[in-house]
$ cat work-v8.txt   # compact mmCIF, C-alpha atoms
# COMPACT_ATOMS: atom_id res chain seq x y z
CA MET X 1 -22.34 39.26 -27.00
CA VAL X 2 -24.48 38.13 -24.08
CA GLU X 3 -27.53 37.78 -26.29
CA GLU X 4 -25.61 35.86 -28.96
CA LEU X 5 -24.15 33.49 -26.36
CA ALA X 6 -27.63 32.90 -24.96
CA GLN X 7 -28.84 31.96 -28.43
CA ALA X 8 -25.86 29.63 -28.86
CA ASP X 9 -26.67 28.08 -25.49
CA ASP X 10 -30.23 27.40 -26.64
CA ALA X 11 -28.92 25.80 -29.84
CA VAL X 12 -26.53 23.58 -27.92
CA ALA X 13 -29.28 22.63 -25.44
CA ALA X 14 -31.40 21.46 -28.35
CA CYS X 15 -28.62 19.01 -29.27
CA VAL X 16 -28.11 17.57 -25.79
CA ASP X 17 -31.08 15.22 -25.92
CA ALA X 18 -30.85 14.50 -29.64
CA ALA X 19 -30.94 10.79 -30.49
CA ALA X 20 -27.38 10.15 -31.61
CA TRP X 21 -28.18 6.50 -32.28
CA THR X 22 -30.34 7.49 -35.26
CA LEU X 23 -27.39 9.05 -37.10
CA ALA X 24 -25.47 7.27 -39.80
CA GLU X 25 -21.77 6.78 -39.06
CA HIS X 26 -20.61 9.59 -41.36
CA ASP X 27 -23.12 11.93 -39.68
CA LEU X 28 -21.86 10.91 -36.24
CA ILE X 29 -18.32 11.76 -37.28
CA ALA X 30 -19.42 15.07 -38.79
CA ALA X 31 -21.32 15.93 -35.61
CA LEU X 32 -18.26 15.08 -33.49
CA ASP X 33 -16.06 17.31 -35.66
CA ALA X 34 -18.58 20.15 -35.39
CA ALA X 35 -18.87 19.81 -31.60
CA HIS X 36 -15.09 19.77 -31.26
CA ARG X 37 -14.70 22.87 -33.46
CA LEU X 38 -17.41 24.65 -31.46
CA THR X 39 -15.57 23.79 -28.22
CA GLN X 40 -12.43 25.52 -29.50
CA ARG X 41 -14.33 28.59 -30.70
CA LEU X 42 -16.02 28.91 -27.31
CA ALA X 43 -12.60 28.58 -25.67
CA ALA X 44 -11.41 31.58 -27.70
CA ILE X 45 -14.39 33.60 -26.48
CA GLU X 46 -13.81 32.53 -22.88
CA LEU X 47 -10.15 33.55 -23.07
CA THR X 48 -11.10 36.96 -24.49
CA LEU X 49 -13.50 37.50 -21.60
CA VAL X 50 -10.94 36.37 -19.03
CA ARG X 51 -8.35 38.78 -20.44
CA GLU X 52 -10.79 41.70 -20.35
CA LEU X 53 -11.87 40.96 -16.78
CA ASP X 54 -8.23 40.61 -15.73
CA GLY X 55 -7.34 43.90 -17.37
CA ARG X 56 -10.19 45.71 -15.64
CA GLY X 57 -9.19 44.41 -12.21
CA THR X 58 -12.61 42.88 -11.63
CA ALA X 59 -11.23 40.19 -9.34
CA ARG X 60 -9.71 42.63 -6.87
CA ALA X 61 -12.75 44.88 -7.06
CA GLN X 62 -14.86 41.91 -5.94
CA GLY X 63 -12.53 41.05 -3.06
CA ALA X 64 -10.38 38.31 -4.62
CA SER X 65 -6.61 38.45 -4.40
CA CYS X 66 -6.16 37.85 -8.13
CA THR X 67 -8.03 36.75 -11.23
CA THR X 68 -6.88 33.15 -10.78
CA VAL X 69 -8.51 32.90 -7.35
CA TRP X 70 -11.62 34.69 -8.61
CA LEU X 71 -11.98 32.21 -11.48
CA ARG X 72 -11.55 29.31 -9.09
CA GLU X 73 -14.52 30.51 -7.06
CA ARG X 74 -16.62 31.76 -9.97
CA LEU X 75 -16.18 28.80 -12.31
CA ARG X 76 -15.28 26.17 -9.67
CA LEU X 77 -11.91 25.41 -11.26
CA THR X 78 -8.74 24.17 -9.70
CA VAL X 79 -6.09 26.84 -9.16
CA PRO X 80 -3.71 25.35 -11.79
CA THR X 81 -6.52 25.28 -14.38
CA ALA X 82 -7.53 28.85 -13.59
CA ARG X 83 -3.91 30.01 -13.75
CA ARG X 84 -3.46 28.42 -17.16
CA LEU X 85 -6.57 30.26 -18.40
CA VAL X 86 -5.21 33.61 -17.22
CA ASP X 87 -1.74 32.94 -18.64
CA LEU X 88 -3.04 31.81 -22.04
CA ALA X 89 -5.44 34.75 -22.23
CA ALA X 90 -2.54 37.13 -21.62
CA ALA X 91 -0.34 35.36 -24.18
CA LEU X 92 -3.01 35.53 -26.89
CA ASP X 93 -3.35 39.26 -26.23
CA ASN X 94 0.22 39.85 -27.40
CA GLY X 95 0.41 41.27 -30.91
CA HIS X 96 2.65 38.53 -32.29
CA ASN X 97 0.11 35.90 -31.23
CA GLY X 98 -2.81 37.35 -33.16
CA GLY X 99 -2.67 34.52 -35.66
CA VAL X 100 -2.86 31.98 -32.85
CA ARG X 101 -5.94 33.67 -31.40
CA GLN X 102 -7.60 33.65 -34.82
CA ALA X 103 -6.78 29.98 -35.41
CA LEU X 104 -8.40 29.11 -32.08
CA ALA X 105 -11.43 31.27 -32.86
CA ASP X 106 -11.76 29.50 -36.22
CA GLY X 107 -11.73 26.14 -34.45
CA ASN X 108 -8.57 25.05 -36.25
CA ILE X 109 -6.50 24.41 -33.11
CA THR X 110 -7.26 23.44 -29.53
CA ALA X 111 -6.57 25.52 -26.43
CA GLU X 112 -3.76 23.12 -25.47
CA GLN X 113 -2.19 23.51 -28.90
CA ALA X 114 -2.59 27.29 -28.60
CA ARG X 115 -0.68 27.15 -25.32
CA VAL X 116 2.18 25.27 -26.99
CA ILE X 117 2.25 27.67 -29.93
CA THR X 118 2.21 30.83 -27.80
CA ASP X 119 5.03 29.49 -25.63
CA THR X 120 7.08 28.74 -28.74
CA VAL X 121 6.25 31.97 -30.57
CA THR X 122 7.20 34.03 -27.52
CA THR X 123 10.60 32.34 -27.49
CA VAL X 124 11.00 32.91 -31.24
CA HIS X 125 10.02 36.57 -30.87
CA ASP X 126 12.56 37.11 -28.10
CA SER X 127 15.28 35.32 -30.07
CA ALA X 128 14.70 36.35 -33.66
CA GLY X 129 12.24 39.24 -33.75
CA THR X 130 8.74 39.95 -34.99
CA ALA X 131 9.13 38.72 -38.56
CA ALA X 132 10.35 35.31 -37.47
CA ALA X 133 7.59 35.11 -34.85
CA ASP X 134 4.91 35.86 -37.45
CA LYS X 135 6.34 33.18 -39.72
CA ALA X 136 6.49 30.72 -36.81
CA VAL X 137 2.78 31.20 -36.12
CA GLY X 138 1.89 30.07 -39.62
CA VAL X 139 4.17 27.05 -39.49
CA LEU X 140 3.02 25.95 -36.05
CA VAL X 141 -0.69 26.36 -36.83
CA GLU X 142 -0.13 24.17 -39.88
CA TRP X 143 1.69 21.58 -37.77
CA ALA X 144 -1.17 21.65 -35.26
CA GLY X 145 -3.31 20.05 -37.95
CA GLN X 146 -1.01 17.00 -37.76
CA PHE X 147 0.21 16.76 -34.17
CA ASP X 148 -1.40 16.58 -30.73
CA PRO X 149 -0.11 19.07 -28.10
CA THR X 150 2.59 16.71 -26.79
CA LEU X 151 4.07 15.99 -30.21
CA LEU X 152 3.60 19.60 -31.25
CA ARG X 153 5.72 20.76 -28.32
CA LYS X 154 8.43 18.28 -29.27
CA VAL X 155 8.63 19.31 -32.92
CA SER X 156 8.32 22.99 -32.06
CA THR X 157 11.71 22.92 -30.36
CA ARG X 158 13.25 23.01 -33.86
CA ILE X 159 10.98 25.73 -35.27
CA LEU X 160 13.86 28.16 -35.69
CA ASP X 161 15.51 25.78 -38.11
CA HIS X 162 12.57 26.62 -40.37
CA VAL X 163 11.99 30.33 -39.69
CA ALA X 164 15.38 31.69 -38.53
CA PRO X 165 18.18 29.15 -39.00
CA ASP X 166 20.87 31.77 -38.29
CA VAL X 167 19.83 32.01 -34.61
CA ALA X 168 18.51 28.48 -34.17
CA GLU X 169 21.29 27.14 -31.94
CA ALA X 170 21.19 30.00 -29.46
CA ALA X 171 17.40 29.99 -29.43
CA ALA X 172 17.28 26.26 -28.80
CA LYS X 173 19.10 26.85 -25.53
CA ALA X 174 16.71 29.68 -24.70
CA ALA X 175 13.77 27.37 -25.41
CA LEU X 176 15.16 24.74 -23.07
CA ASP X 177 15.59 27.37 -20.37
CA ALA X 178 12.01 28.54 -20.94
CA ASP X 179 10.74 24.97 -20.68
CA ALA X 180 12.64 24.54 -17.43
CA ARG X 181 11.14 27.71 -15.99
CA ARG X 182 7.66 26.63 -17.07
CA ALA X 183 8.14 23.18 -15.54
CA ASP X 184 9.34 24.76 -12.30
CA ARG X 185 6.33 27.10 -12.25
CA ASP X 186 3.73 24.42 -13.04
CA ARG X 187 4.98 21.68 -10.73
CA HIS X 188 2.49 20.78 -8.00
CA LEU X 189 0.92 17.88 -6.14
CA THR X 190 -2.58 18.11 -4.68
CA LEU X 191 -3.93 15.69 -2.06
CA SER X 192 -7.72 15.97 -1.91
CA ALA X 193 -9.30 14.16 1.05
CA GLN X 194 -12.42 12.15 0.25
CA THR X 195 -15.18 11.66 2.80
CA ASP X 196 -14.25 8.01 3.39
CA GLY X 197 -10.58 8.65 4.17
CA ARG X 198 -9.24 8.04 0.68
CA LEU X 199 -7.12 10.61 -1.15
CA ARG X 200 -7.34 11.83 -4.72
CA LEU X 201 -3.87 12.62 -6.09
CA THR X 202 -3.52 15.12 -8.91
CA GLY X 203 -0.55 17.11 -10.06
CA ILE X 204 2.20 17.75 -12.56
CA LEU X 205 5.77 16.53 -11.98
CA ASP X 206 8.74 18.17 -13.58
CA ALA X 207 10.85 15.99 -15.89
CA GLU X 208 13.48 15.16 -13.27
CA THR X 209 10.93 14.16 -10.63
CA ALA X 210 8.96 12.19 -13.21
CA GLY X 211 12.10 10.27 -14.08
CA VAL X 212 12.86 9.55 -10.43
CA LEU X 213 9.29 8.39 -9.78
CA ARG X 214 9.24 6.12 -12.82
CA ALA X 215 12.62 4.63 -11.91
CA ALA X 216 11.32 3.85 -8.43
CA ILE X 217 7.77 2.80 -9.22
CA ASP X 218 8.05 0.89 -12.51
CA PRO X 219 9.88 -2.16 -11.11
CA LEU X 220 7.28 -2.42 -8.33
CA SER X 221 4.37 -2.11 -10.77
CA ALA X 222 5.03 -5.41 -12.51
CA PRO X 223 2.67 -8.34 -11.72
CA SER X 224 3.91 -10.06 -8.57
CA GLY X 225 3.10 -13.54 -9.82
CA PRO X 226 0.67 -15.65 -11.84
CA ASP X 227 -2.10 -15.06 -9.27
CA ASP X 228 -1.84 -11.26 -9.48
CA GLN X 229 -5.20 -10.06 -10.83
CA ARG X 230 -4.64 -6.34 -10.16
CA SER X 231 -5.11 -3.83 -12.95
CA PRO X 232 -2.10 -1.71 -14.03
CA GLY X 233 -3.55 1.25 -12.14
CA GLN X 234 -3.96 -0.83 -8.99
CA ARG X 235 -0.40 -2.11 -9.29
CA ARG X 236 0.90 1.48 -9.57
CA HIS X 237 -1.18 2.43 -6.53
CA ASP X 238 0.31 -0.43 -4.51
CA ALA X 239 3.81 0.39 -5.76
CA LEU X 240 3.43 3.94 -4.43
CA ALA X 241 2.32 2.49 -1.10
CA ASP X 242 5.41 0.25 -1.10
CA LEU X 243 7.64 3.28 -1.65
CA CYS X 244 6.03 5.12 1.26
CA ARG X 245 6.35 2.12 3.57
CA LEU X 246 10.02 1.72 2.68
CA THR X 247 10.64 5.40 3.36
CA LEU X 248 8.91 5.18 6.75
CA ARG X 249 10.94 2.11 7.58
CA THR X 250 14.27 3.83 6.94
CA GLY X 251 13.76 6.24 9.82
CA ASP X 252 15.40 8.99 7.77
CA LEU X 253 12.33 11.24 7.51
CA PRO X 254 12.34 14.46 9.56
CA GLU X 255 10.35 14.49 12.78
CA HIS X 256 6.74 15.60 12.64
CA GLY X 257 5.41 17.31 15.72
CA GLY X 258 8.37 16.05 17.73
CA ASP X 259 7.77 12.38 16.84
CA PRO X 260 9.26 10.17 14.14
CA ALA X 261 7.16 9.92 10.99
CA GLN X 262 4.74 7.08 11.65
CA ILE X 263 1.11 5.99 11.57
CA VAL X 264 -0.83 5.61 14.82
CA ILE X 265 -3.98 3.47 14.86
CA THR X 266 -6.30 3.46 17.87
CA THR X 267 -8.55 0.51 18.73
CA SER X 268 -10.11 -1.47 21.58
CA TYR X 269 -8.02 -4.41 22.76
CA ASP X 270 -10.92 -6.70 23.70
CA ALA X 271 -12.72 -6.24 20.42
CA LEU X 272 -9.47 -6.44 18.46
CA ALA X 273 -8.60 -9.74 20.12
CA ARG X 274 -11.98 -11.10 18.97
CA GLY X 275 -11.33 -9.80 15.45
CA LEU X 276 -14.32 -7.45 15.65
CA SER X 277 -12.81 -4.04 16.19
CA ALA X 278 -12.46 -1.31 13.63
CA GLY X 279 -9.71 1.21 14.25
CA THR X 280 -9.16 4.92 13.86
CA LEU X 281 -6.13 6.29 12.02
CA ASP X 282 -4.42 9.36 13.40
CA ALA X 283 -5.90 11.25 10.43
CA GLY X 284 -9.34 10.58 11.92
CA PHE X 285 -10.66 7.95 9.50
CA THR X 286 -12.03 4.52 10.43
CA VAL X 287 -10.60 1.32 8.94
CA THR X 288 -11.87 -2.27 9.04
CA PRO X 289 -10.86 -4.88 11.62
CA GLN X 290 -8.94 -6.78 8.91
CA THR X 291 -6.97 -3.64 8.09
CA VAL X 292 -6.22 -3.07 11.80
CA ARG X 293 -4.80 -6.57 12.15
CA ARG X 294 -2.72 -6.22 9.00
CA LEU X 295 -1.35 -2.79 9.91
CA ALA X 296 -0.39 -4.03 13.37
CA CYS X 297 2.20 -6.29 11.70
CA ASP X 298 4.03 -3.31 10.21
CA ALA X 299 7.01 -1.94 12.12
CA ALA X 300 6.09 1.56 10.91
CA ILE X 301 2.72 1.36 12.73
CA LEU X 302 2.26 2.10 16.43
CA PRO X 303 -0.89 0.39 17.71
CA ALA X 304 -2.52 2.47 20.47
CA VAL X 305 -4.65 -0.10 22.31
CA LEU X 306 -7.38 1.19 24.62
CA GLY X 307 -9.31 -0.52 27.42
CA GLY X 308 -13.04 -0.35 28.06
CA THR X 309 -12.83 3.08 29.68
CA SER X 310 -10.64 4.36 26.85
CA GLN X 311 -7.53 4.37 29.02
CA THR X 312 -4.33 3.57 27.18
CA LEU X 313 -3.35 -0.05 27.85
CA ASP X 314 -0.41 -0.14 25.48
CA VAL X 315 1.20 2.03 22.82
CA GLY X 316 3.32 -0.37 20.83
CA ARG X 317 7.02 0.39 20.61
CA GLN X 318 8.82 -0.38 17.38
CA ARG X 319 11.30 -2.51 19.32
CA ARG X 320 8.39 -4.79 20.31
CA LEU X 321 7.78 -5.55 16.67
CA ILE X 322 9.95 -7.46 14.25
CA THR X 323 12.94 -5.15 13.90
CA GLY X 324 16.67 -5.15 14.49
CA PRO X 325 18.42 -8.54 14.83
CA LEU X 326 15.11 -10.42 14.59
CA ARG X 327 14.27 -8.83 11.25
CA ARG X 328 17.79 -9.49 9.99
CA ALA X 329 17.38 -13.17 10.89
CA LEU X 330 14.03 -13.19 9.10
CA VAL X 331 15.62 -11.66 5.99
CA LEU X 332 18.38 -14.27 6.04
CA ARG X 333 15.77 -17.02 6.20
CA ASP X 334 13.15 -15.81 3.69
CA ARG X 335 15.37 -13.61 1.46
CA GLY X 336 12.30 -11.72 0.22
CA CYS X 337 8.54 -12.10 0.02
CA ALA X 338 7.88 -15.73 0.88
CA PHE X 339 4.55 -15.98 -0.97
CA PRO X 340 4.80 -18.49 -3.86
CA GLY X 341 5.94 -16.89 -7.10
CA CYS X 342 6.73 -13.43 -5.69
CA ASP X 343 10.11 -11.82 -6.44
CA ARG X 344 9.91 -8.79 -4.13
CA PRO X 345 13.19 -8.25 -2.21
CA PRO X 346 13.35 -7.93 1.59
CA ARG X 347 13.41 -4.13 1.65
CA TRP X 348 9.90 -4.06 0.14
CA CYS X 349 8.49 -6.51 2.69
CA ASP X 350 6.62 -6.33 5.99
CA ALA X 351 7.18 -8.83 8.78
CA HIS X 352 3.88 -10.68 9.22
CA HIS X 353 2.94 -12.50 12.43
CA ILE X 354 1.80 -15.98 11.43
CA ARG X 355 -0.25 -16.13 14.61
CA HIS X 356 -1.38 -12.58 15.20
CA TRP X 357 -0.14 -10.82 18.34
CA THR X 358 -3.73 -10.07 19.38
CA ASP X 359 -4.29 -13.83 19.44
CA GLY X 360 -1.29 -14.32 21.71
CA GLY X 361 1.20 -14.87 18.91
CA PRO X 362 4.79 -14.23 19.99
CA THR X 363 7.20 -11.86 18.28
CA SER X 364 9.70 -14.52 17.22
CA LEU X 365 11.35 -15.95 14.15
CA ALA X 366 9.15 -19.06 14.43
CA ASN X 367 6.03 -16.87 14.21
CA ALA X 368 7.09 -14.54 11.42
CA VAL X 369 7.25 -14.46 7.64
CA LEU X 370 8.29 -11.79 5.14
CA LEU X 371 5.48 -10.61 2.85
CA CYS X 372 5.36 -7.79 0.31
CA ALA X 373 2.53 -5.30 0.74
CA HIS X 374 0.36 -6.96 -1.91
CA HIS X 375 0.67 -10.45 -0.47
CA HIS X 376 0.43 -9.13 3.08
CA ARG X 377 -3.00 -7.77 2.21
CA HIS X 378 -3.80 -10.97 0.31
CA VAL X 379 -3.02 -13.22 3.27
CA HIS X 380 -5.06 -11.06 5.66
CA HIS X 381 -8.08 -10.86 3.36
CA SER X 382 -8.16 -14.32 1.78
CA GLU X 383 -8.31 -17.98 2.78
CA TRP X 384 -4.61 -18.63 2.24
CA THR X 385 -2.83 -19.86 5.37
CA VAL X 386 0.87 -19.95 6.21
CA HIS X 387 2.95 -22.11 8.51
CA LEU X 388 6.57 -23.15 8.84
CA GLY X 389 7.55 -26.51 7.36
CA ASN X 390 9.68 -29.13 9.08
CA ASP X 391 12.80 -27.37 7.85
CA GLY X 392 11.69 -24.03 9.31
CA HIS X 393 10.82 -22.37 6.00
CA PRO X 394 7.39 -20.88 5.16
CA GLU X 395 4.73 -22.90 3.35
CA PHE X 396 1.45 -21.48 2.07
CA THR X 397 -1.72 -23.54 1.80
CA PRO X 398 -4.15 -22.36 -0.89
CA PRO X 399 -7.92 -22.24 -0.33
CA ALA X 400 -9.92 -25.31 -1.31
CA TRP X 401 -11.61 -23.53 -4.21
CA LEU X 402 -8.19 -22.95 -5.77
CA ASP X 403 -6.69 -26.34 -4.97
CA PRO X 404 -9.08 -29.04 -3.66
CA ASP X 405 -6.07 -31.03 -2.40
CA GLN X 406 -4.70 -27.93 -0.63
CA ILE X 407 -1.11 -28.92 -1.25
CA PRO X 408 1.26 -26.47 0.51
CA ARG X 409 3.32 -24.26 -1.79
CA ARG X 410 6.66 -22.53 -1.38
CA ASN X 411 8.44 -19.63 -2.99
CA HIS X 412 11.26 -20.99 -5.12
CA TYR X 413 12.27 -17.62 -6.51
CA HIS X 414 14.65 -16.70 -3.66
CA ARG X 415 16.07 -20.20 -3.08
CA ARG X 416 16.20 -23.48 -4.95
CA ASN X 417 16.00 -25.93 -2.04

$ encode --input "work-v8.txt" --output "structure tokens"
Amino acid sequence: MVEELAQADDAVAACVDAAAWTLAEHDLIAALDAAHRLTQRLAAIELTLVRELDGRGTARAQGASCTTVWLRERLRLTVPTARRLVDLAAALDNGHNGGVRQALADGNITAEQARVITDTVTTVHDSAGTAAADKAVGVLVEWAGQFDPTLLRKVSTRILDHVAPDVAEAAAKAALDADARRADRDRHLTLSAQTDGRLRLTGILDAETAGVLRAAIDPLSAPSGPDDQRSPGQRRHDALADLCRLTLRTGDLPEHGGDPAQIVITTSYDALARGLSAGTLDAGFTVTPQTVRRLACDAAILPAVLGGTSQTLDVGRQRRLITGPLRRALVLRDRGCAFPGCDRPPRWCDAHHIRHWTDGGPTSLANAVLLCAHHHRHVHHSEWTVHLGNDGHPEFTPPAWLDPDQIPRRNHYHRRN
């Protein structure tokens, strides 16, 4: 097998640098179909090898705790991906899944479809026996020619109506239970730190958590106004940030290391006052001076301000920021994000100092305005300015490039006067 795979590798390598642009459209499509079929056939071989190595105990013999961990190190996979390989390899090794293994080896189904089919066939076998399971394999492989893995899993829930209608109702419940167990097993969330302080989020949410997240995040993912140029992905990112800020603001999170859940940002007072100082988050990453100034407005942030010799001059207390009765008065006045055209309610808003506290701005109603997270960033990083009008309500002046007359604008969403 090693020699044959080496030959196949050479053949594939010869195609890597082939000039695809010279092919006619029907040849391009044929080449894509062939490459896709080859991918599935190689997946069948890989799964056979994984199953054999797992059966021999190679992972433990080489010092790994299990085959999943060994595959992670050997093939540089994530643990969930490696676990799915091991699980599917074991499922295909069952006698009643022989037809599934052959369909994958023939390139007629994908590995994801094979996973759906083996899950379903196992349930059918447990509910209705070997004959029904064998029949289910044929039906599901045929359906795989029409449906992607997601749709295939949906239609497969009624497979017993086709292969064993006498036990279909009881088996349907068993299938739901199996799906619930699988969802419970596969649920995970991975936070991978990047070198610049950003995080990569990957994971799988179970159906209930997915529903909760969508219910919370979808309303916040809508464009915040006609000037909102964010992509859908950026809006979802900012909506998640809004959810986290709201949760921090409630004060209901458990303590962490003896302190309330909060962000601490460390910076130099003199440089911060001149608008020149970067800051360091408690996670150890550096952020820009503009970000420092914006975060200092947030009641969930404790600014740790240091003097020239790094002695602590001030660690901001939440009561020094716009909280309690002062925030309630601010909510009564602004009734939500005050930026023109924004409909975000007060609970999603930060209290922004119109004149920043590092510039001597007081913590008072006359120096504060409610802004949602998006417009809080926008005001800090753009040429928009804000002041209170003669009636004490916020007005926003656009930059000259947007409005040469720079006529102040108000938010009329929360009030009509």

$ residues_around --input "work-v8.txt" --residues "Asn97 in chain X" --least-positions-apart "5" --cutoff "9 Å" --atoms "only C-alpha atoms" --output "PyMOL selection string"
chain X and resi 91-92+102+117-118+121-122+133-134+137

$ residues_around --input "work-v8.txt" --residues "Val379 in chain X" --least-positions-apart "6" --cutoff "12 Å" --atoms "all atoms listed in the file" --output "PDB file with C-alpha atoms, in the frame of the given file"
ATOM      1  CA  GLN X 290      -8.940  -6.780   8.910  1.00  0.00           C
ATOM      2  CA  THR X 291      -6.970  -3.640   8.090  1.00  0.00           C
ATOM      3  CA  ARG X 293      -4.800  -6.570  12.150  1.00  0.00           C
ATOM      4  CA  ARG X 294      -2.720  -6.220   9.000  1.00  0.00           C
ATOM      5  CA  ALA X 338       7.880 -15.730   0.880  1.00  0.00           C
ATOM      6  CA  PHE X 339       4.550 -15.980  -0.970  1.00  0.00           C
ATOM      7  CA  PRO X 340       4.800 -18.490  -3.860  1.00  0.00           C
ATOM      8  CA  HIS X 352       3.880 -10.680   9.220  1.00  0.00           C
ATOM      9  CA  HIS X 353       2.940 -12.500  12.430  1.00  0.00           C
ATOM     10  CA  ILE X 354       1.800 -15.980  11.430  1.00  0.00           C
ATOM     11  CA  VAL X 369       7.250 -14.460   7.640  1.00  0.00           C
ATOM     12  CA  LEU X 370       8.290 -11.790   5.140  1.00  0.00           C
ATOM     13  CA  LEU X 371       5.480 -10.610   2.850  1.00  0.00           C
ATOM     14  CA  CYS X 372       5.360  -7.790   0.310  1.00  0.00           C
ATOM     15  CA  ALA X 373       2.530  -5.300   0.740  1.00  0.00           C
ATOM     16  CA  THR X 385      -2.830 -19.860   5.370  1.00  0.00           C
ATOM     17  CA  VAL X 386       0.870 -19.950   6.210  1.00  0.00           C
ATOM     18  CA  HIS X 387       2.950 -22.110   8.510  1.00  0.00           C
ATOM     19  CA  PHE X 396       1.450 -21.480   2.070  1.00  0.00           C
ATOM     20  CA  THR X 397      -1.720 -23.540   1.800  1.00  0.00           C
ATOM     21  CA  PRO X 398      -4.150 -22.360  -0.890  1.00  0.00           C
ATOM     22  CA  PRO X 399      -7.920 -22.240  -0.330  1.00  0.00           C
TER      23      PRO X 399
END

$ atom_distance --input "work-v8.txt" --atom1 "CA of Val124 in chain X" --atom2 "CA of Ala89 in chain X"
18.8 Å

$ atom_distance --input "work-v8.txt" --atom1 "CA of Gly341 in chain X" --atom2 "CA of Leu213 in chain X"
25.6 Å

$ residues_around --input "work-v8.txt" --residues "Val155 in chain X" --least-positions-apart "3" --cutoff "12 Å" --atoms "all atoms listed in the file" --output "PyMOL selection string"
chain X and resi 116-117+120+139-140+143-144+146-152+158-162+172

$ write_last_selection --input "work-v8.txt" --atoms "C-alpha atoms" --output "mmCIF file, in the frame of the given file"
data_model
loop_
_atom_site.group_PDB
_atom_site.id
_atom_site.type_symbol
_atom_site.label_atom_id
_atom_site.label_comp_id
_atom_site.auth_asym_id
_atom_site.auth_seq_id
_atom_site.Cartn_x
_atom_site.Cartn_y
_atom_site.Cartn_z
ATOM 1 C CA VAL X 116 2.180 25.270 -26.990
ATOM 2 C CA ILE X 117 2.250 27.670 -29.930
ATOM 3 C CA THR X 120 7.080 28.740 -28.740
ATOM 4 C CA VAL X 139 4.170 27.050 -39.490
ATOM 5 C CA LEU X 140 3.020 25.950 -36.050
ATOM 6 C CA TRP X 143 1.690 21.580 -37.770
ATOM 7 C CA ALA X 144 -1.170 21.650 -35.260
ATOM 8 C CA GLN X 146 -1.010 17.000 -37.760
ATOM 9 C CA PHE X 147 0.210 16.760 -34.170
ATOM 10 C CA ASP X 148 -1.400 16.580 -30.730
ATOM 11 C CA PRO X 149 -0.110 19.070 -28.100
ATOM 12 C CA THR X 150 2.590 16.710 -26.790
ATOM 13 C CA LEU X 151 4.070 15.990 -30.210
ATOM 14 C CA LEU X 152 3.600 19.600 -31.250
ATOM 15 C CA ARG X 158 13.250 23.010 -33.860
ATOM 16 C CA ILE X 159 10.980 25.730 -35.270
ATOM 17 C CA LEU X 160 13.860 28.160 -35.690
ATOM 18 C CA ASP X 161 15.510 25.780 -38.110
ATOM 19 C CA HIS X 162 12.570 26.620 -40.370
ATOM 20 C CA ALA X 172 17.280 26.260 -28.800
#

$ atom_distance --input "work-v8.txt" --atom1 "CA of Arg410 in chain X" --atom2 "CA of Ser221 in chain X"
22.6 Å

$ residues_near_point --input "work-v8.txt" --point "(-3.4, -2.2, -8.1)" --cutoff "12 Å" --atoms "only C-alpha atoms" --output "list in words"
Leu220, Ser221, Ala222, Pro223, Ser224, Asp228, Gln229, Arg230, Ser231, Pro232, Gly233, Gln234, Arg235, Arg236, His237, Asp238, Ala239, Leu240, Ala241, Asp242, Ala373, His374, His375 and Arg377 of chain X

$ closest_residue --input "work-v8.txt" --among "X:Ala183, X:Ala114, X:Ile45, X:Ala131" --to "Leu5 in chain X" --atoms "all atoms listed in the file"
X:Ile45

$ axis_aligned_box --input "work-v8.txt" --around "range 135-140 of chain X" --padding-each-side "8 Å" --output "JSON"
{"center_x": 4.2, "center_y": 29.6, "center_z": -37.9, "size_x": 20.6, "size_y": 23.2, "size_z": 19.7}

$ closest_residue --input "work-v8.txt" --among "X:His380, X:His393, X:His125, X:His96" --to "Val331 in chain X" --atoms "only C-alpha atoms"
X:His393

$ closest_residue --input "work-v8.txt" --among "X:Ala103, X:Ala82, X:Leu42, X:Ala329" --to "Glu142 in chain X" --atoms "only C-alpha atoms"
X:Ala103

$ decode --input "work-v8.txt" --residues "range 240-246 of chain X" --atoms "N, CA and C atoms" --output "short mmCIF file (atom, residue, chain, number, x, y, z; two decimals), in the first residue's frame"
data_model
loop_
_atom_site.label_atom_id
_atom_site.label_comp_id
_atom_site.auth_asym_id
_atom_site.auth_seq_id
_atom_site.Cartn_x
_atom_site.Cartn_y
_atom_site.Cartn_z
N LEU X 240 -21.43 40.29 19.68
CA LEU X 240 -20.89 39.43 20.74
C LEU X 240 -20.19 40.28 21.79
N ALA X 241 -19.46 41.30 21.33
CA ALA X 241 -18.80 42.20 22.29
C ALA X 241 -19.84 42.93 23.14
N ASP X 242 -20.95 43.35 22.52
CA ASP X 242 -22.02 44.01 23.27
C ASP X 242 -22.57 43.08 24.36
N LEU X 243 -22.78 41.82 24.01
CA LEU X 243 -23.30 40.86 24.99
C LEU X 243 -22.35 40.72 26.17
N CYS X 244 -21.06 40.65 25.88
CA CYS X 244 -20.07 40.50 26.95
C CYS X 244 -20.03 41.74 27.83
N ARG X 245 -20.10 42.93 27.21
CA ARG X 245 -20.09 44.15 28.01
C ARG X 245 -21.31 44.23 28.92
N LEU X 246 -22.47 43.85 28.37
CA LEU X 246 -23.69 43.87 29.18
C LEU X 246 -23.57 42.92 30.35
#
